[in-house]
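Here the structure is laid out as structure tokens; the discussion comes afterwards.
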Amino acid sequence: MYDKIYDFCKVRNFGSIYKNGLTQTPRVKFLMDLTSELGLNSELHEFKVDENTIGFNIVLRGSSSKIITAHHDIVNPNIDNANDNSASVINAIATKLLKPEVTVVLLDGEEVGGLGAQYLSEQILDGDFGEVDWVLNLELTGRGGSTFFVGNYPGRLLDHIRGIFDCPIVSTPFNDSVIFRRNGIDSVVINPLPILEEGTSQVMWESSYLDYSMLFNCHTKKDTLDTISTEDMQKFVEGIIIPIVS
């Protein structure tokens, strides 16, 4: 499953959601085909952005009160967009395969202010997803495996994660969790990072430093497939995400 990232990163949109018009983007089409091939019952939820733009959230509905999200949209169409956020999309689908009861939503429009997260928030508040305990948002999850940080977003989900793992809590840039929390929905962003072999960074895992520099690859030509690891992706999903959602 994790090797699907190599095919996914070959699929290019025209740019951000505002440049993709009124039809499904190539990345949306790829994900709809992939989830169908995997035997997952995917729902395509459309939302209007403006007169010339439609957004697309892909919903893999489950029976539990837990939701996993990852954004599928991009800004720069000329790069792999491997860590931001293709790896997280593949990891979210892998989570669904391992835990069918979990609802997974692949969101559009994160890069321009969390448009898909806002639409999903409205659906949650309207009761379209039943009772929702929390939303765990996957961002930049292509490297690091079992070493990770979570955003400083107090609530039941953060307490739950910290009850399982002694992970660092970090103030983060904008991500879809900000939108969910703005709407009163408990949400935390989670982000693995590899350990630095030498030197220091802004984030520590126990007595080691995490390679925080990877976060600055976003939207640049440095966000390449060779910077991520399918082995780390598997470790992250099966060793971290599955215990959180179980």
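Every chain in the structure tokens has a letter given in the order shown (A, B, ...), and although residue numbers restart at 1 in each chain, ligands are simply numbered from 1 in the order shown.
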
- Task: For A:Gly199, please output as a VMD selection string all residues within 12 Å (counting only C-alpha atoms; exclusion window: fewer than 3 positions along the same chain).
- Result: chain A and resid 195 to 196 202 to 204 208 to 213

- Task: Write out as an MDAnalysis selection string each polymer residue whose atoms come within 12 Å of A:Lys4, counting only C-alpha atoms; drop sequence neighbours fewer than 5 positions from it.
- Result: chainID A and resid 9:11 30:31 34:35 37:38 82 86:91 93:94 225 230 233

- Query: Which parts of chain A does DSSP call helix (DSSP H, G or I) when run on the backbone here, written out as number ranges by chain?
  - Reply: A: 4-8, 17-19, 26-37, 82-98, 110-112, 115-125, 156-164, 176-182, 212-217, 225-227, 230-245

Atoms to include: C-alpha atoms. Write the selected residues as a compact mmCIF listing (two decimals), in the first residue's frame.
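Done, and the output landed in selection-v8.txt:
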# COMPACT_ATOMS: atom_id res chain seq x y z
CA LYS A 4 1.38 3.81 -3.95
CA ILE A 5 2.99 7.13 -3.06
CA TYR A 6 5.33 6.72 -6.04
CA ASP A 7 2.37 6.61 -8.43
CA PHE A 8 0.47 9.33 -6.59
CA ILE A 17 -7.61 24.65 -5.69
CA TYR A 18 -8.36 27.99 -7.38
CA LYS A 19 -6.64 26.83 -10.58
CA PRO A 26 -6.08 14.54 -11.66
CA ARG A 27 -5.18 13.82 -8.04
CA VAL A 28 -8.83 13.44 -7.06
CA LYS A 29 -9.41 11.07 -9.99
CA PHE A 30 -6.35 9.05 -8.97
CA LEU A 31 -7.58 8.74 -5.39
CA MET A 32 -11.10 7.78 -6.42
CA ASP A 33 -9.68 5.07 -8.68
CA LEU A 34 -7.23 3.88 -6.01
CA THR A 35 -9.83 3.59 -3.27
CA SER A 36 -12.14 1.74 -5.65
CA GLU A 37 -9.36 -0.70 -6.56
CA ALA A 82 5.87 13.96 -1.48
CA ASN A 83 5.86 14.94 2.20
CA ASP A 84 3.30 17.74 1.81
CA ASN A 85 1.02 15.97 1.77
CA SER A 86 1.00 12.92 -0.47
CA ALA A 87 2.51 10.67 2.20
CA SER A 88 -0.26 11.60 4.63
CA VAL A 89 -2.94 10.79 2.07
CA ILE A 90 -1.48 7.34 1.49
CA ASN A 91 -1.04 6.85 5.25
CA ALA A 92 -4.66 7.82 5.88
CA ILE A 93 -5.86 5.25 3.33
CA ALA A 94 -3.55 2.64 4.86
CA THR A 95 -5.13 3.39 8.24
CA LYS A 96 -8.58 2.79 6.75
CA LEU A 97 -7.49 -0.58 5.39
CA LEU A 98 -6.20 -1.63 8.81
CA GLU A 110 -5.90 23.20 2.96
CA GLU A 111 -3.22 25.18 1.19
CA VAL A 112 -5.51 28.19 0.77
CA LEU A 115 -11.62 25.19 2.74
CA GLY A 116 -12.27 21.45 2.79
CA ALA A 117 -11.86 21.35 6.57
CA GLN A 118 -14.45 24.10 6.90
CA TYR A 119 -16.90 22.17 4.74
CA LEU A 120 -16.30 19.00 6.75
CA SER A 121 -16.73 20.97 9.99
CA GLU A 122 -20.14 22.16 8.83
CA GLN A 123 -21.13 18.59 7.97
CA ILE A 124 -19.98 17.35 11.38
CA LEU A 125 -21.90 20.10 13.18
CA ARG A 156 -9.33 15.02 24.94
CA LEU A 157 -7.43 13.94 21.85
CA LEU A 158 -4.16 15.50 22.99
CA ASP A 159 -4.62 13.91 26.43
CA HIS A 160 -5.34 10.57 24.75
CA ILE A 161 -2.19 10.71 22.62
CA ARG A 162 -0.03 11.80 25.54
CA GLY A 163 -1.46 8.96 27.58
CA ILE A 164 0.01 6.51 25.07
CA ASP A 176 -6.61 21.87 8.99
CA SER A 177 -6.80 21.24 12.75
CA VAL A 178 -6.98 25.00 13.22
CA ILE A 179 -10.24 25.07 11.26
CA PHE A 180 -11.79 22.15 13.14
CA ARG A 181 -10.95 23.71 16.48
CA ARG A 182 -12.29 27.08 15.36
CA TYR A 212 12.91 20.11 11.95
CA SER A 213 14.45 21.31 8.67
CA MET A 214 12.23 18.89 6.74
CA LEU A 215 9.27 21.16 7.44
CA PHE A 216 10.81 23.86 5.26
CA ASN A 217 10.78 21.62 2.17
CA LEU A 225 10.23 11.34 -3.17
CA ASP A 226 13.78 10.57 -2.08
CA THR A 227 13.23 12.52 1.15
CA THR A 230 7.80 3.95 2.81
CA GLU A 231 9.27 1.97 5.70
CA ASP A 232 8.87 5.00 7.97
CA MET A 233 5.36 5.53 6.68
CA GLN A 234 4.45 1.97 7.64
CA LYS A 235 6.05 2.33 11.08
CA PHE A 236 4.13 5.55 11.64
CA VAL A 237 0.75 4.14 10.65
CA GLU A 238 1.05 0.75 12.33
CA GLY A 239 3.03 1.82 15.39
CA ILE A 240 1.53 5.25 16.10
CA ILE A 241 -1.78 5.90 14.31
CA ILE A 242 -3.32 2.48 14.89
CA PRO A 243 -2.79 2.61 18.70
CA ILE A 244 -4.29 6.12 18.75
CA VAL A 245 -7.46 5.14 16.89

- Message: Could you tell me how far atom CA of A:Pro173 sits from atom CA of A:Leu44, in Å to one decimal place?
- Response: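 So the two atoms, atom CA of A:Leu44 and atom CA of A:Pro173, lie 28.1 Å apart.
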
- Enumerate, as an MDAnalysis selection string, the complete set of residues in stretch 15-231 of chain A that a backbone-based DSSP assignment places in strand (DSSP E or B). chainID A and resid 42:50 53:60 66:71 103:107 134:138 148:151 169:170 187:192 195 204:205 208:210

Would you save the residues from that selection as a compact mmCIF listing (two decimals), in the first residue's frame, using N, CA and C atoms?
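File part-v6.txt, as written:
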# COMPACT_ATOMS: atom_id res chain seq x y z
N SER A 42 -15.80 4.82 -1.45
CA SER A 42 -15.48 6.24 -1.33
C SER A 42 -16.65 7.11 -1.78
N GLU A 43 -16.87 8.19 -1.06
CA GLU A 43 -17.89 9.18 -1.41
C GLU A 43 -17.18 10.46 -1.82
N LEU A 44 -17.59 11.05 -2.93
CA LEU A 44 -17.01 12.32 -3.38
C LEU A 44 -17.95 13.45 -2.98
N HIS A 45 -17.51 14.28 -2.07
CA HIS A 45 -18.31 15.39 -1.57
C HIS A 45 -17.82 16.69 -2.21
N GLU A 46 -18.68 17.34 -2.96
CA GLU A 46 -18.32 18.58 -3.65
C GLU A 46 -18.79 19.78 -2.84
N PHE A 47 -17.98 20.84 -2.85
CA PHE A 47 -18.40 22.08 -2.22
C PHE A 47 -17.96 23.25 -3.10
N LYS A 48 -18.81 24.25 -3.16
CA LYS A 48 -18.55 25.41 -4.01
C LYS A 48 -17.56 26.34 -3.33
N VAL A 49 -16.54 26.73 -4.07
CA VAL A 49 -15.56 27.69 -3.58
C VAL A 49 -15.88 29.09 -4.11
N ASP A 50 -16.07 29.19 -5.41
CA ASP A 50 -16.54 30.42 -6.04
C ASP A 50 -17.19 30.03 -7.36
N THR A 53 -14.88 27.60 -9.26
CA THR A 53 -14.10 26.59 -8.53
C THR A 53 -14.99 25.72 -7.67
N ILE A 54 -14.77 24.41 -7.76
CA ILE A 54 -15.40 23.44 -6.88
C ILE A 54 -14.31 22.67 -6.15
N GLY A 55 -14.52 22.46 -4.85
CA GLY A 55 -13.61 21.64 -4.06
C GLY A 55 -14.15 20.23 -3.91
N PHE A 56 -13.25 19.29 -3.66
CA PHE A 56 -13.63 17.89 -3.56
C PHE A 56 -13.01 17.24 -2.33
N ASN A 57 -13.86 16.84 -1.37
CA ASN A 57 -13.43 16.01 -0.26
C ASN A 57 -13.79 14.56 -0.57
N ILE A 58 -12.88 13.65 -0.27
CA ILE A 58 -13.13 12.23 -0.48
C ILE A 58 -13.35 11.59 0.88
N VAL A 59 -14.51 10.98 1.06
CA VAL A 59 -14.91 10.43 2.36
C VAL A 59 -14.91 8.90 2.28
N LEU A 60 -14.18 8.29 3.22
CA LEU A 60 -14.19 6.84 3.41
C LEU A 60 -14.85 6.61 4.76
N LYS A 66 -14.36 8.35 15.46
CA LYS A 66 -13.04 8.93 15.23
C LYS A 66 -12.84 9.20 13.74
N ILE A 67 -12.26 10.35 13.44
CA ILE A 67 -12.01 10.73 12.05
C ILE A 67 -10.52 11.02 11.86
N ILE A 68 -9.97 10.50 10.77
CA ILE A 68 -8.61 10.81 10.34
C ILE A 68 -8.70 11.68 9.09
N THR A 69 -7.94 12.76 9.03
CA THR A 69 -7.93 13.61 7.83
C THR A 69 -6.51 13.82 7.32
N ALA A 70 -6.44 14.10 6.02
CA ALA A 70 -5.18 14.50 5.38
C ALA A 70 -5.57 15.27 4.13
N HIS A 71 -4.88 16.35 3.83
CA HIS A 71 -5.26 17.14 2.66
C HIS A 71 -4.54 16.63 1.42
N THR A 103 -13.42 6.53 10.17
CA THR A 103 -13.74 7.37 9.02
C THR A 103 -12.50 8.16 8.61
N VAL A 104 -12.21 8.14 7.31
CA VAL A 104 -11.09 8.89 6.76
C VAL A 104 -11.64 9.91 5.77
N VAL A 105 -11.19 11.15 5.86
CA VAL A 105 -11.61 12.18 4.92
C VAL A 105 -10.35 12.84 4.34
N LEU A 106 -10.25 12.78 3.02
CA LEU A 106 -9.15 13.40 2.29
C LEU A 106 -9.63 14.76 1.83
N LEU A 107 -9.01 15.81 2.34
CA LEU A 107 -9.53 17.16 2.25
C LEU A 107 -8.91 17.97 1.12
N TRP A 134 -13.34 13.18 17.92
CA TRP A 134 -12.22 14.03 17.57
C TRP A 134 -11.78 13.76 16.13
N VAL A 135 -10.95 14.68 15.63
CA VAL A 135 -10.39 14.58 14.29
C VAL A 135 -8.87 14.64 14.41
N LEU A 136 -8.19 13.58 13.98
CA LEU A 136 -6.73 13.56 13.98
C LEU A 136 -6.25 13.89 12.57
N ASN A 137 -5.47 14.96 12.46
CA ASN A 137 -5.05 15.47 11.16
C ASN A 137 -3.60 15.09 10.88
N LEU A 138 -3.37 14.41 9.75
CA LEU A 138 -2.03 13.97 9.36
C LEU A 138 -1.40 15.01 8.44
N PHE A 148 7.84 11.51 16.58
CA PHE A 148 6.88 12.48 16.07
C PHE A 148 6.58 13.55 17.11
N PHE A 149 5.94 14.62 16.65
CA PHE A 149 5.40 15.61 17.57
C PHE A 149 3.93 15.83 17.26
N VAL A 150 3.23 16.43 18.21
CA VAL A 150 1.84 16.81 18.00
C VAL A 150 1.70 18.30 18.28
N GLY A 151 0.67 18.89 17.67
CA GLY A 151 0.42 20.30 17.88
C GLY A 151 -0.09 20.59 19.28
N ILE A 169 5.22 18.28 22.39
CA ILE A 169 4.10 19.12 21.98
C ILE A 169 4.67 20.43 21.46
N VAL A 170 4.26 20.81 20.25
CA VAL A 170 4.91 21.91 19.54
C VAL A 170 3.86 22.90 19.03
N SER A 187 -9.46 18.60 17.78
CA SER A 187 -8.57 18.15 16.71
C SER A 187 -7.12 18.44 17.07
N VAL A 188 -6.23 17.56 16.63
CA VAL A 188 -4.80 17.70 16.83
C VAL A 188 -4.09 17.30 15.54
N VAL A 189 -3.03 18.04 15.21
CA VAL A 189 -2.20 17.67 14.07
C VAL A 189 -1.02 16.84 14.57
N ILE A 190 -0.62 15.83 13.79
CA ILE A 190 0.48 14.95 14.15
C ILE A 190 1.47 14.89 13.00
N ASN A 191 2.76 14.90 13.35
CA ASN A 191 3.81 15.05 12.33
C ASN A 191 5.08 14.31 12.76
N PRO A 192 5.43 13.19 12.11
CA PRO A 192 6.69 12.53 12.42
C PRO A 192 7.88 13.27 11.81
N ILE A 195 15.22 11.52 13.41
CA ILE A 195 16.19 12.00 14.41
C ILE A 195 17.45 12.48 13.70
N MET A 204 12.79 18.23 20.37
CA MET A 204 13.52 17.09 20.92
C MET A 204 12.61 15.90 21.12
N TRP A 205 13.16 14.71 20.86
CA TRP A 205 12.49 13.46 21.22
C TRP A 205 13.37 12.81 22.28
N SER A 208 17.19 13.15 22.06
CA SER A 208 17.64 13.38 20.68
C SER A 208 16.89 14.54 20.06
N TYR A 209 17.49 15.12 19.02
CA TYR A 209 16.85 16.21 18.29
C TYR A 209 16.21 15.68 17.01
N LEU A 210 15.05 16.22 16.67
CA LEU A 210 14.36 15.83 15.43
C LEU A 210 14.73 16.80 14.31

- Message: Could you list, as a list in words, every residue within 6 Å of A:Arg143, counting only C-alpha atoms and ignoring same-chain residues fewer than 6 positions away?
- Response: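 Surrounding residues, per the criterion: Leu193, Pro194, Ile228, Ser229 and Asp232 of chain A.
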
- Query: From the list A:Cys218, A:Cys167, A:Val132, A:Val75, which residue is nearest A:Arg12 when using only C-alpha atoms?
  - Reply: A:Val75
